[in-house]
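Visitor: mmCIF, C-alpha atoms and all ligand atoms, saved as entry.cif, coming up:
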data_data
#
loop_
_atom_site.group_PDB
_atom_site.id
_atom_site.type_symbol
_atom_site.label_atom_id
_atom_site.label_comp_id
_atom_site.auth_asym_id
_atom_site.auth_seq_id
_atom_site.Cartn_x
_atom_site.Cartn_y
_atom_site.Cartn_z
ATOM 1 C CA MET A 17 -6.012 -25.639 -2.731
ATOM 2 C CA THR A 18 -5.859 -26.725 0.891
ATOM 3 C CA ASP A 19 -7.402 -24.620 3.631
ATOM 4 C CA SER A 20 -4.885 -25.629 6.229
ATOM 5 C CA PRO A 21 -2.066 -28.143 5.969
ATOM 6 C CA ARG A 22 -3.143 -31.230 7.901
ATOM 7 C CA ILE A 23 -1.609 -34.635 8.208
ATOM 8 C CA HIS A 24 -3.264 -37.748 9.616
ATOM 9 C CA LEU A 25 -1.049 -39.614 12.047
ATOM 10 C CA GLY A 26 -3.526 -42.171 13.347
ATOM 11 C CA ALA A 27 -1.990 -45.149 11.535
ATOM 12 C CA LEU A 28 1.515 -44.061 12.422
ATOM 13 C CA LEU A 29 0.575 -43.676 16.092
ATOM 14 C CA ARG A 30 -0.922 -47.190 16.098
ATOM 15 C CA SER A 31 1.982 -48.838 14.335
ATOM 16 C CA SER A 32 5.528 -47.531 14.121
ATOM 17 C CA SER A 33 5.987 -49.349 10.809
ATOM 18 C CA GLU A 34 3.626 -46.863 9.152
ATOM 19 C CA ASP A 35 4.671 -43.616 7.517
ATOM 20 C CA ALA A 36 2.464 -40.603 7.047
ATOM 21 C CA HIS A 37 2.455 -38.387 3.975
ATOM 22 C CA ALA A 38 0.688 -35.181 3.078
ATOM 23 C CA GLU A 39 0.982 -32.735 0.220
ATOM 24 C CA GLY A 40 -0.964 -29.861 -1.197
ATOM 25 C CA SER A 41 -0.657 -26.163 -1.779
ATOM 26 C CA LEU A 42 -1.554 -23.118 0.267
ATOM 27 C CA ASP A 43 -2.423 -19.609 -0.852
ATOM 28 C CA HIS A 44 -1.939 -18.298 2.679
ATOM 29 C CA LEU A 45 -1.172 -19.519 6.164
ATOM 30 C CA GLN A 46 -3.289 -18.632 9.141
ATOM 31 C CA TYR A 47 -1.923 -19.272 12.599
ATOM 32 C CA GLU A 48 -2.262 -18.113 16.197
ATOM 33 C CA GLN A 49 0.431 -16.101 17.911
ATOM 34 C CA GLY A 50 0.020 -14.535 21.317
ATOM 35 C CA GLY A 51 -3.737 -15.095 21.132
ATOM 36 C CA GLU A 52 -4.035 -13.243 17.845
ATOM 37 C CA THR A 53 -4.668 -14.627 14.393
ATOM 38 C CA GLN A 54 -1.818 -13.878 12.025
ATOM 39 C CA ILE A 55 -1.785 -14.377 8.273
ATOM 40 C CA LEU A 56 1.129 -14.967 5.945
ATOM 41 C CA ARG A 57 0.209 -14.072 2.368
ATOM 42 C CA PHE A 58 1.631 -15.908 -0.629
ATOM 43 C CA ALA A 59 1.802 -14.632 -4.201
ATOM 44 C CA GLY A 60 0.518 -17.936 -5.583
ATOM 45 C CA PRO A 61 -0.242 -21.489 -4.525
ATOM 46 C CA ALA A 62 2.658 -22.570 -2.315
ATOM 47 C CA PRO A 63 3.339 -26.313 -2.643
ATOM 48 C CA PHE A 64 4.211 -28.361 0.426
ATOM 49 C CA GLU A 65 5.112 -31.995 0.848
ATOM 50 C CA VAL A 66 5.634 -33.682 4.187
ATOM 51 C CA ASP A 67 6.643 -37.184 5.254
ATOM 52 C CA ILE A 68 6.658 -38.363 8.830
ATOM 53 C CA ASN A 69 8.458 -41.479 10.008
ATOM 54 C CA ALA A 70 8.247 -43.084 13.429
ATOM 55 C CA LEU A 71 11.478 -43.216 15.417
ATOM 56 C CA GLY A 72 10.223 -45.316 18.318
ATOM 57 C CA SER A 73 8.618 -44.474 21.676
ATOM 58 C CA ASN A 74 6.638 -41.301 21.041
ATOM 59 C CA GLU A 75 9.081 -39.688 18.672
ATOM 60 C CA MET A 76 8.885 -39.098 14.957
ATOM 61 C CA TYR A 77 10.840 -37.297 12.293
ATOM 62 C CA LEU A 78 9.213 -34.914 9.847
ATOM 63 C CA GLN A 79 10.841 -34.038 6.576
ATOM 64 C CA GLY A 80 9.662 -32.330 3.454
ATOM 65 C CA THR A 81 9.653 -29.177 1.405
ATOM 66 C CA PHE A 82 7.662 -25.968 1.314
ATOM 67 C CA GLU A 83 8.055 -23.386 -1.454
ATOM 68 C CA PRO A 84 6.051 -20.248 -0.808
ATOM 69 C CA VAL A 85 6.466 -16.896 -2.518
ATOM 70 C CA LEU A 86 5.970 -14.836 0.601
ATOM 71 C CA ILE A 87 4.463 -11.358 0.280
ATOM 72 C CA MET A 88 6.249 -8.880 2.531
ATOM 73 C CA GLU A 89 6.031 -5.092 2.737
ATOM 74 C CA CYS A 90 8.806 -2.815 1.501
ATOM 75 C CA ALA A 91 10.412 -1.448 4.679
ATOM 76 C CA ARG A 92 10.321 2.091 3.284
ATOM 77 C CA CYS A 93 7.228 2.469 1.108
ATOM 78 C CA LEU A 94 5.113 -0.489 2.306
ATOM 79 C CA ARG A 95 4.287 -1.754 -1.160
ATOM 80 C CA ASP A 96 4.135 -5.548 -1.641
ATOM 81 C CA VAL A 97 7.396 -7.346 -2.284
ATOM 82 C CA GLU A 98 7.460 -10.988 -3.408
ATOM 83 C CA VAL A 99 10.057 -13.103 -1.601
ATOM 84 C CA PRO A 100 10.472 -16.613 -3.048
ATOM 85 C CA LEU A 101 11.580 -19.205 -0.494
ATOM 86 C CA GLU A 102 12.619 -22.831 -0.915
ATOM 87 C CA LEU A 103 12.411 -24.416 2.491
ATOM 88 C CA ASN A 104 13.703 -27.842 3.434
ATOM 89 C CA LEU A 105 11.732 -29.079 6.399
ATOM 90 C CA GLY A 106 13.280 -31.343 8.976
ATOM 91 C CA THR A 107 12.276 -31.584 12.591
ATOM 92 C CA LEU A 108 11.891 -34.039 15.409
ATOM 93 C CA MET A 109 8.361 -34.554 16.689
ATOM 94 C CA ARG A 110 7.016 -35.862 19.961
ATOM 95 C CA TYR A 111 3.527 -37.166 20.592
ATOM 96 C CA ASP A 112 2.055 -36.070 23.923
ATOM 97 C CA PRO A 113 -1.684 -36.790 24.258
ATOM 98 C CA SER A 114 -2.116 -33.978 26.803
ATOM 99 C CA VAL A 115 -1.134 -31.278 24.280
ATOM 100 C CA GLN A 116 -4.054 -29.330 22.787
ATOM 101 C CA THR A 117 -2.262 -27.007 20.370
ATOM 102 C CA PRO A 118 0.925 -28.136 18.653
ATOM 103 C CA TYR A 119 3.978 -26.091 19.608
ATOM 104 C CA LEU A 120 7.699 -25.973 18.990
ATOM 105 C CA GLU A 121 10.157 -26.375 21.830
ATOM 106 C CA GLU A 122 13.910 -26.606 21.972
ATOM 107 C CA ALA A 123 15.139 -30.163 22.507
ATOM 108 C CA ASP A 124 18.125 -30.976 24.752
ATOM 109 C CA SER A 125 20.237 -31.183 21.602
ATOM 110 C CA GLY A 126 19.313 -27.591 20.765
ATOM 111 C CA GLU A 127 17.201 -28.744 17.850
ATOM 112 C CA GLU A 128 13.594 -27.749 17.513
ATOM 113 C CA LEU A 129 11.011 -30.282 18.522
ATOM 114 C CA LEU A 130 7.408 -30.188 17.366
ATOM 115 C CA VAL A 131 5.153 -31.395 20.177
ATOM 116 C CA PHE A 132 1.598 -32.418 19.303
ATOM 117 C CA GLY A 133 -1.302 -34.201 20.946
ATOM 118 C CA GLY A 134 -3.664 -35.607 18.361
ATOM 119 C CA PRO A 135 -3.771 -37.925 15.373
ATOM 120 C CA GLU A 136 -4.837 -35.016 13.161
ATOM 121 C CA LEU A 137 -1.936 -32.562 13.073
ATOM 122 C CA ASP A 138 -2.373 -29.032 11.732
ATOM 123 C CA LEU A 139 1.001 -27.929 10.394
ATOM 124 C CA SER A 140 0.023 -24.250 9.991
ATOM 125 C CA ALA A 141 1.985 -22.905 12.955
ATOM 126 C CA PHE A 142 5.007 -25.056 12.127
ATOM 127 C CA LEU A 143 5.079 -23.990 8.472
ATOM 128 C CA ALA A 144 4.491 -20.344 9.407
ATOM 129 C CA GLU A 145 7.317 -20.343 11.942
ATOM 130 C CA THR A 146 9.680 -22.085 9.527
ATOM 131 C CA THR A 147 8.775 -19.552 6.845
ATOM 132 C CA LEU A 148 9.360 -16.575 9.142
ATOM 133 C CA LEU A 149 12.670 -17.978 10.417
ATOM 134 C CA ASN A 150 13.931 -18.240 6.846
ATOM 135 C CA ALA A 151 12.519 -14.986 5.507
ATOM 136 C CA PRO A 152 14.632 -11.818 5.543
ATOM 137 C CA LEU A 153 13.857 -9.517 8.477
ATOM 138 C CA SER A 154 13.069 -6.679 6.130
ATOM 139 C CA VAL A 155 12.993 -6.165 2.390
ATOM 140 C CA MET A 156 12.909 -3.219 0.024
ATOM 141 C CA HIS A 157 11.036 -3.290 -3.277
ATOM 142 C CA ASP A 158 14.087 -1.597 -4.804
ATOM 143 C CA GLU A 159 17.439 -0.674 -3.276
ATOM 144 C CA ALA A 160 16.816 2.903 -4.361
ATOM 145 C CA CYS A 161 13.348 3.076 -2.781
ATOM 146 C CA LYS A 162 12.685 6.684 -1.774
ATOM 147 C CA GLY A 163 10.103 5.784 0.869
ATOM 148 C CA LEU A 164 7.137 7.822 2.007
ATOM 149 C CA CYS A 165 6.971 11.525 2.886
ATOM 150 C CA GLN A 166 6.932 11.723 6.673
ATOM 151 C CA VAL A 167 4.503 14.631 6.570
ATOM 152 C CA CYS A 168 1.790 13.509 4.160
ATOM 153 C CA GLY A 169 2.575 9.848 3.462
ATOM 154 C CA HIS A 170 2.988 10.434 -0.276
ATOM 155 C CA ASP A 171 4.949 7.673 -2.049
ATOM 156 C CA LEU A 172 8.098 9.544 -3.107
ATOM 157 C CA ASN A 173 8.874 6.882 -5.738
ATOM 158 C CA GLU A 174 6.038 8.433 -7.719
ATOM 159 C CA GLY A 175 7.609 11.878 -7.570
ATOM 160 C CA PRO A 176 8.215 14.546 -4.938
ATOM 161 C CA CYS A 177 5.482 16.155 -2.880
ATOM 162 C CA GLU A 178 5.418 19.789 -1.765
ATOM 163 C CA HIS A 179 7.313 18.945 1.441
ATOM 164 C CA MET A 180 10.298 17.508 -0.372
ATOM 165 C CA ALA A 181 10.772 20.736 -2.349
ATOM 166 C CA GLN A 182 11.834 22.408 0.892
ATOM 167 C CA VAL A 183 14.374 19.867 2.079
ATOM 168 C CA PRO A 184 17.545 20.672 0.082
ATOM 169 C CA VAL A 185 18.887 23.664 2.038
ATOM 170 C CA GLU A 186 21.058 24.959 -0.793
ATOM 171 C CA GLU A 187 17.979 25.429 -2.951
ATOM 172 C CA ILE A 188 16.159 27.672 -0.502
ATOM 173 C CA ASP A 189 15.238 31.027 -1.984
ATOM 174 C CA ASP A 190 15.281 33.744 0.686
ATOM 175 C CA ASP A 191 12.532 35.669 -1.056
ATOM 176 C CA LEU A 192 10.074 32.857 -0.383
ATOM 177 C CA GLY A 193 10.815 32.925 3.357
ATOM 178 C CA ILE A 194 11.174 29.148 3.401
ATOM 179 C CA PRO A 195 12.897 28.643 6.800
ATOM 180 C CA GLU A 196 9.843 30.048 8.547
ATOM 181 C CA GLY A 197 7.521 28.279 6.146
ATOM 182 C CA SER A 198 9.109 24.861 6.546
ATOM 183 C CA LEU A 199 8.667 24.991 10.313
ATOM 184 C CA HIS A 200 5.080 25.887 9.692
ATOM 185 C CA ALA A 201 4.720 23.141 7.134
ATOM 186 C CA ARG A 202 5.743 20.513 9.622
ATOM 187 C CA GLN A 203 2.850 21.473 11.868
ATOM 188 C CA ASN A 204 0.308 21.812 9.102
ATOM 189 C CA PRO A 205 1.034 20.209 5.751
ATOM 190 C CA PHE A 206 -1.541 22.377 4.001
ATOM 191 C CA ALA A 207 -0.051 25.650 5.190
ATOM 192 C CA ALA A 208 2.852 24.987 2.854
ATOM 193 C CA LEU A 209 0.504 24.995 -0.097
ATOM 194 C CA ALA A 210 -0.734 28.461 0.794
ATOM 195 C CA ASP A 211 2.857 29.754 0.970
ATOM 196 C CA LEU A 212 3.763 28.331 -2.387
ATOM 197 C CA LYS A 213 2.044 30.933 -4.542
ATOM 198 C CA LEU A 214 4.289 31.462 -7.519
ATOM 199 C CA PRO A 215 4.838 35.017 -8.754
ATOM 200 C CA GLU A 216 2.513 35.656 -11.635
ATOM 201 C CA GLU A 217 4.503 37.623 -14.164
HETATM 202 ZN ZN ZN B 301 9.738 0.661 -1.498
HETATM 203 ZN ZN ZN B 302 4.613 15.273 1.669
#
Using structure tokens, write down the structure from this file.

Guide:
Amino acid sequence: MTDSPRIHLGALLRSSSEDAHAEGSLDHLQYEQGGETQILRFAGPAPFEVDINALGSNEMYLQGTFEPVLIMECARCLRDVEVPLELNLGTLMRYDPSVQTPYLEEADSGEELLVFGGPELDLSAFLAETTLLNAPLSVMHDEACKGLCQVCGHDLNEGPCEHMAQVPVEEIDDDLGIPEGSLHARQNPFAALADLKLPEE
């Protein structure tokens, strides 16, 4: 397992007849975004393979593959959802010795360009961005996911909670005084419990 995906470009930077190659697998990706450390979690070792060829002047072309099973949260109930991705990598690169942290910019052609400044290139941010660009914006663990109760946070896939019992209007029993009670329940989830004494007959 590789801590972070790195590729050595020293030989390639010295001689444009050299290629650079790196491969390994990652169980997560850690990268910086807006000054904060972000982590992408993977369900298992995610294999990557990268080749970089010199194009002349300070430009290179990176190509390869990355196949993570990304762990995302269900948009409704927040449980883990595994999202398998098969990513084909392909991007122009430019070497600029003044650059400290590698970054992606849009080239004149509209293509993305990976700009980097050192012979030792950390591909974490590039792989993370590529992964996020290709991942769905949101996922559900099941199309019929019932989500969480907005009052108590109970996972409704595991069965209803006391708040759900009051939602279907047609089932309201006037004798229980539910309309008043449900307003109350919204302010204090435990008040509903007190109102739910069943007649003991
Ligand atoms: Zn769900
Ligand atoms: Zn509830």

Visitor: Given the PyMOL selection byres (((not hetatm)) within 7 of (chain B and resi 302)) and the file above, list the residues it selects as a PyMOL selection string.

Guide: chain A and resi 165-170+177-180

Visitor: Can those selected residues be exported to a file as a PDB file, in the coordinates of the input so that it contains C-alpha atoms?

Guide:
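Final output, saved to selection_22.pdb:
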ATOM      1  CA  CYS A 165       6.971  11.525   2.886  1.00  0.00           C
ATOM      2  CA  GLN A 166       6.932  11.723   6.673  1.00  0.00           C
ATOM      3  CA  VAL A 167       4.503  14.631   6.570  1.00  0.00           C
ATOM      4  CA  CYS A 168       1.790  13.509   4.160  1.00  0.00           C
ATOM      5  CA  GLY A 169       2.575   9.848   3.462  1.00  0.00           C
ATOM      6  CA  HIS A 170       2.988  10.434  -0.276  1.00  0.00           C
ATOM      7  CA  CYS A 177       5.482  16.155  -2.880  1.00  0.00           C
ATOM      8  CA  GLU A 178       5.418  19.789  -1.765  1.00  0.00           C
ATOM      9  CA  HIS A 179       7.313  18.945   1.441  1.00  0.00           C
ATOM     10  CA  MET A 180      10.298  17.508  -0.372  1.00  0.00           C
TER      11      MET A 180
END

Visitor: For ligand ZN 301 (chain B), list the contacting residues at 7 Å or closer, counting all atoms listed in the file, as a PyMOL selection string.

Guide: chain A and resi 90-95+156-158+161-163

Visitor: Which distance in Å separates atom CA of A:Glu128 and atom CA of A:Ile87, to one decimal?

Guide: 25.5 Å

Visitor: For A:Thr81, find every residue with an atom within 7 Å (counting only C-alpha atoms), except residues of its own chain fewer than 5 positions away, and show them as an MDAnalysis selection string.

Guide: chainID A and resid 64:66 103:105

Visitor: Could you tell me how far atom CA of A:Asp43 sits from atom CA of A:Leu56, in Å to one decimal place?

Guide: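 The value is 9.0 Å.
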
Visitor: Can you translate the PyMOL selection byres (((chain A and resi 67) around 10) and not hetatm) into the concrete residues it hits in this file, as number ranges by chain?

Guide: A: 23, 35-39, 65-66, 68-69, 77-81, 105-106

Visitor: Could you check how far atom CA of A:Gly133 sits from atom CA of A:Leu101, in Å to one decimal?

Guide: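 It comes out at 29.2 Å.
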
Visitor: Determine the residue set returned by the PyMOL selection byres (((chain A and resi 116) around 8) and not hetatm) for the present structure, and present it as a list in words.

Guide: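 So the PyMOL selection byres (((chain A and resi 116) around 8) and not hetatm), applied here, picks out Pro113, Ser114, Val115, Thr117, Pro118, Phe132, Gly133 and Gly134 of chain A.
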
Visitor: Give me the residues within 10 Å of A:Leu120 as an NGL selection string, counting all atoms listed in the file and dropping any in the same chain fewer than 4 places off.

Guide: :A and (107-110 or 127-132 or 141-142 or 145)

Visitor: Restricted to C-alpha atoms, what would the selected residues look like written as an mmCIF file, in the frame of the given file?

Guide:
data_model
loop_
_atom_site.group_PDB
_atom_site.id
_atom_site.type_symbol
_atom_site.label_atom_id
_atom_site.label_comp_id
_atom_site.auth_asym_id
_atom_site.auth_seq_id
_atom_site.Cartn_x
_atom_site.Cartn_y
_atom_site.Cartn_z
ATOM 1 C CA THR A 107 12.276 -31.584 12.591
ATOM 2 C CA LEU A 108 11.891 -34.039 15.409
ATOM 3 C CA MET A 109 8.361 -34.554 16.689
ATOM 4 C CA ARG A 110 7.016 -35.862 19.961
ATOM 5 C CA GLU A 127 17.201 -28.744 17.850
ATOM 6 C CA GLU A 128 13.594 -27.749 17.513
ATOM 7 C CA LEU A 129 11.011 -30.282 18.522
ATOM 8 C CA LEU A 130 7.408 -30.188 17.366
ATOM 9 C CA VAL A 131 5.153 -31.395 20.177
ATOM 10 C CA PHE A 132 1.598 -32.418 19.303
ATOM 11 C CA ALA A 141 1.985 -22.905 12.955
ATOM 12 C CA PHE A 142 5.007 -25.056 12.127
ATOM 13 C CA GLU A 145 7.317 -20.343 11.942
#

Visitor: Taking all atoms listed in the file into account, which of A:Asn74, A:Ser41, A:Ser33, A:Thr147 comes nearest A:Asp112?

Guide: A:Asn74

Visitor: Taking every listed atom of stretch 27-33 of chain A and adding 8 Å to each side, what centre and edge lengths in Å (one decimal) does the axis-aligned box have, as JSON?

Guide:
{"center_x": 2.0, "center_y": -46.5, "center_z": 13.5, "size_x": 24.0, "size_y": 21.7, "size_z": 21.3}

Visitor: From the list A:Gly40, A:Phe58, A:Leu153, A:Leu25, which residue is nearest A:Tyr111 when using all atoms listed in the file?

Guide: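 Ranking A:Gly40, A:Phe58, A:Leu153, A:Leu25 by distance to A:Tyr111, first place goes to A:Leu25.
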
Visitor: Measuring between all atoms listed in the file, which one of A:Met88, A:Leu28, A:Leu45, A:Val97 shows the shortest distance to A:Ala144?

Guide: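 For A:Ala144, the nearest of the given residues is A:Leu45.
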
Visitor: Between A:Pro21, A:Pro176, A:Pro63, A:Gly51, which is the closest to A:Phe82 once you count all atoms listed in the file?

Guide: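 Looking at the shortest contact to A:Phe82, the residue is A:Pro63.
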
Visitor: Using all atoms listed in the file, which of the listed residues (A:Val85, A:Ala59, A:Glu136, A:Glu122) sits closest to A:Ala27?

Guide: A:Glu136

Visitor: From the options A:Glu102, A:Gln49, A:Gly60, A:Leu29, which residue's atoms come nearest to A:Ser73, counting all atoms listed in the file?

Guide: A:Leu29

Visitor: Can you fill out stretch 157-183 of chain A with N, CA and C atoms and hand it back as a PDB file, keeping the file's coordinate frame?

Guide:
ATOM      1  N   HIS A 157      11.504  -2.908  -1.942  1.00  0.00           N
ATOM      2  CA  HIS A 157      11.036  -3.290  -3.277  1.00  0.00           C
ATOM      3  C   HIS A 157      12.095  -2.954  -4.307  1.00  0.00           C
ATOM      4  N   ASP A 158      12.988  -1.995  -3.932  1.00  0.00           N
ATOM      5  CA  ASP A 158      14.087  -1.597  -4.804  1.00  0.00           C
ATOM      6  C   ASP A 158      15.119  -0.973  -3.890  1.00  0.00           C
ATOM      7  N   GLU A 159      16.406  -1.218  -4.167  1.00  0.00           N
ATOM      8  CA  GLU A 159      17.439  -0.674  -3.276  1.00  0.00           C
ATOM      9  C   GLU A 159      17.408   0.838  -3.238  1.00  0.00           C
ATOM     10  N   ALA A 160      16.863   1.441  -4.292  1.00  0.00           N
ATOM     11  CA  ALA A 160      16.816   2.903  -4.361  1.00  0.00           C
ATOM     12  C   ALA A 160      15.460   3.440  -3.927  1.00  0.00           C
ATOM     13  N   CYS A 161      14.688   2.616  -3.197  1.00  0.00           N
ATOM     14  CA  CYS A 161      13.348   3.076  -2.781  1.00  0.00           C
ATOM     15  C   CYS A 161      13.453   4.386  -2.009  1.00  0.00           C
ATOM     16  N   LYS A 162      12.641   5.363  -2.396  1.00  0.00           N
ATOM     17  CA  LYS A 162      12.685   6.684  -1.774  1.00  0.00           C
ATOM     18  C   LYS A 162      11.778   6.783  -0.556  1.00  0.00           C
ATOM     19  N   GLY A 163      10.930   5.773  -0.323  1.00  0.00           N
ATOM     20  CA  GLY A 163      10.103   5.784   0.869  1.00  0.00           C
ATOM     21  C   GLY A 163       8.912   6.718   0.774  1.00  0.00           C
ATOM     22  N   LEU A 164       8.327   6.978   1.934  1.00  0.00           N
ATOM     23  CA  LEU A 164       7.137   7.822   2.007  1.00  0.00           C
ATOM     24  C   LEU A 164       7.482   9.165   2.638  1.00  0.00           C
ATOM     25  N   CYS A 165       6.808  10.232   2.223  1.00  0.00           N
ATOM     26  CA  CYS A 165       6.971  11.525   2.886  1.00  0.00           C
ATOM     27  C   CYS A 165       6.491  11.385   4.327  1.00  0.00           C
ATOM     28  N   GLN A 166       7.309  11.885   5.267  1.00  0.00           N
ATOM     29  CA  GLN A 166       6.932  11.723   6.673  1.00  0.00           C
ATOM     30  C   GLN A 166       5.832  12.689   7.087  1.00  0.00           C
ATOM     31  N   VAL A 167       5.558  13.672   6.250  1.00  0.00           N
ATOM     32  CA  VAL A 167       4.503  14.631   6.570  1.00  0.00           C
ATOM     33  C   VAL A 167       3.150  14.146   6.052  1.00  0.00           C
ATOM     34  N   CYS A 168       3.102  13.806   4.755  1.00  0.00           N
ATOM     35  CA  CYS A 168       1.790  13.509   4.160  1.00  0.00           C
ATOM     36  C   CYS A 168       1.630  12.055   3.728  1.00  0.00           C
ATOM     37  N   GLY A 169       2.702  11.249   3.820  1.00  0.00           N
ATOM     38  CA  GLY A 169       2.575   9.848   3.462  1.00  0.00           C
ATOM     39  C   GLY A 169       2.643   9.579   1.971  1.00  0.00           C
ATOM     40  N   HIS A 170       2.902  10.605   1.175  1.00  0.00           N
ATOM     41  CA  HIS A 170       2.988  10.434  -0.276  1.00  0.00           C
ATOM     42  C   HIS A 170       4.135   9.488  -0.630  1.00  0.00           C
ATOM     43  N   ASP A 171       3.903   8.591  -1.589  1.00  0.00           N
ATOM     44  CA  ASP A 171       4.949   7.673  -2.049  1.00  0.00           C
ATOM     45  C   ASP A 171       5.927   8.450  -2.930  1.00  0.00           C
ATOM     46  N   LEU A 172       7.132   8.683  -2.418  1.00  0.00           N
ATOM     47  CA  LEU A 172       8.098   9.544  -3.107  1.00  0.00           C
ATOM     48  C   LEU A 172       8.700   8.869  -4.332  1.00  0.00           C
ATOM     49  N   ASN A 173       8.440   7.545  -4.508  1.00  0.00           N
ATOM     50  CA  ASN A 173       8.874   6.882  -5.738  1.00  0.00           C
ATOM     51  C   ASN A 173       8.068   7.380  -6.937  1.00  0.00           C
ATOM     52  N   GLU A 174       6.902   7.950  -6.643  1.00  0.00           N
ATOM     53  CA  GLU A 174       6.038   8.433  -7.719  1.00  0.00           C
ATOM     54  C   GLU A 174       6.272   9.912  -7.994  1.00  0.00           C
ATOM     55  N   GLY A 175       7.320  10.466  -7.371  1.00  0.00           N
ATOM     56  CA  GLY A 175       7.609  11.878  -7.570  1.00  0.00           C
ATOM     57  C   GLY A 175       7.569  12.602  -6.247  1.00  0.00           C
ATOM     58  N   PRO A 176       8.157  13.802  -6.194  1.00  0.00           N
ATOM     59  CA  PRO A 176       8.215  14.546  -4.938  1.00  0.00           C
ATOM     60  C   PRO A 176       6.852  15.128  -4.573  1.00  0.00           C
ATOM     61  N   CYS A 177       6.668  15.419  -3.303  1.00  0.00           N
ATOM     62  CA  CYS A 177       5.482  16.155  -2.880  1.00  0.00           C
ATOM     63  C   CYS A 177       5.958  17.546  -2.462  1.00  0.00           C
ATOM     64  N   GLU A 178       5.043  18.407  -2.052  1.00  0.00           N
ATOM     65  CA  GLU A 178       5.418  19.789  -1.765  1.00  0.00           C
ATOM     66  C   GLU A 178       6.400  19.896  -0.585  1.00  0.00           C
ATOM     67  N   HIS A 179       6.408  18.893   0.293  1.00  0.00           N
ATOM     68  CA  HIS A 179       7.313  18.945   1.441  1.00  0.00           C
ATOM     69  C   HIS A 179       8.757  18.703   1.030  1.00  0.00           C
ATOM     70  N   MET A 180       8.944  17.840   0.047  1.00  0.00           N
ATOM     71  CA  MET A 180      10.298  17.508  -0.372  1.00  0.00           C
ATOM     72  C   MET A 180      10.977  18.707  -1.018  1.00  0.00           C
ATOM     73  N   ALA A 181      10.211  19.584  -1.650  1.00  0.00           N
ATOM     74  CA  ALA A 181      10.772  20.736  -2.349  1.00  0.00           C
ATOM     75  C   ALA A 181      11.534  21.620  -1.374  1.00  0.00           C
ATOM     76  N   GLN A 182      11.233  21.506  -0.083  1.00  0.00           N
ATOM     77  CA  GLN A 182      11.834  22.408   0.892  1.00  0.00           C
ATOM     78  C   GLN A 182      13.049  21.794   1.574  1.00  0.00           C
ATOM     79  N   VAL A 183      13.322  20.545   1.330  1.00  0.00           N
ATOM     80  CA  VAL A 183      14.374  19.867   2.079  1.00  0.00           C
ATOM     81  C   VAL A 183      15.794  20.288   1.696  1.00  0.00           C
TER      82      VAL A 183
END
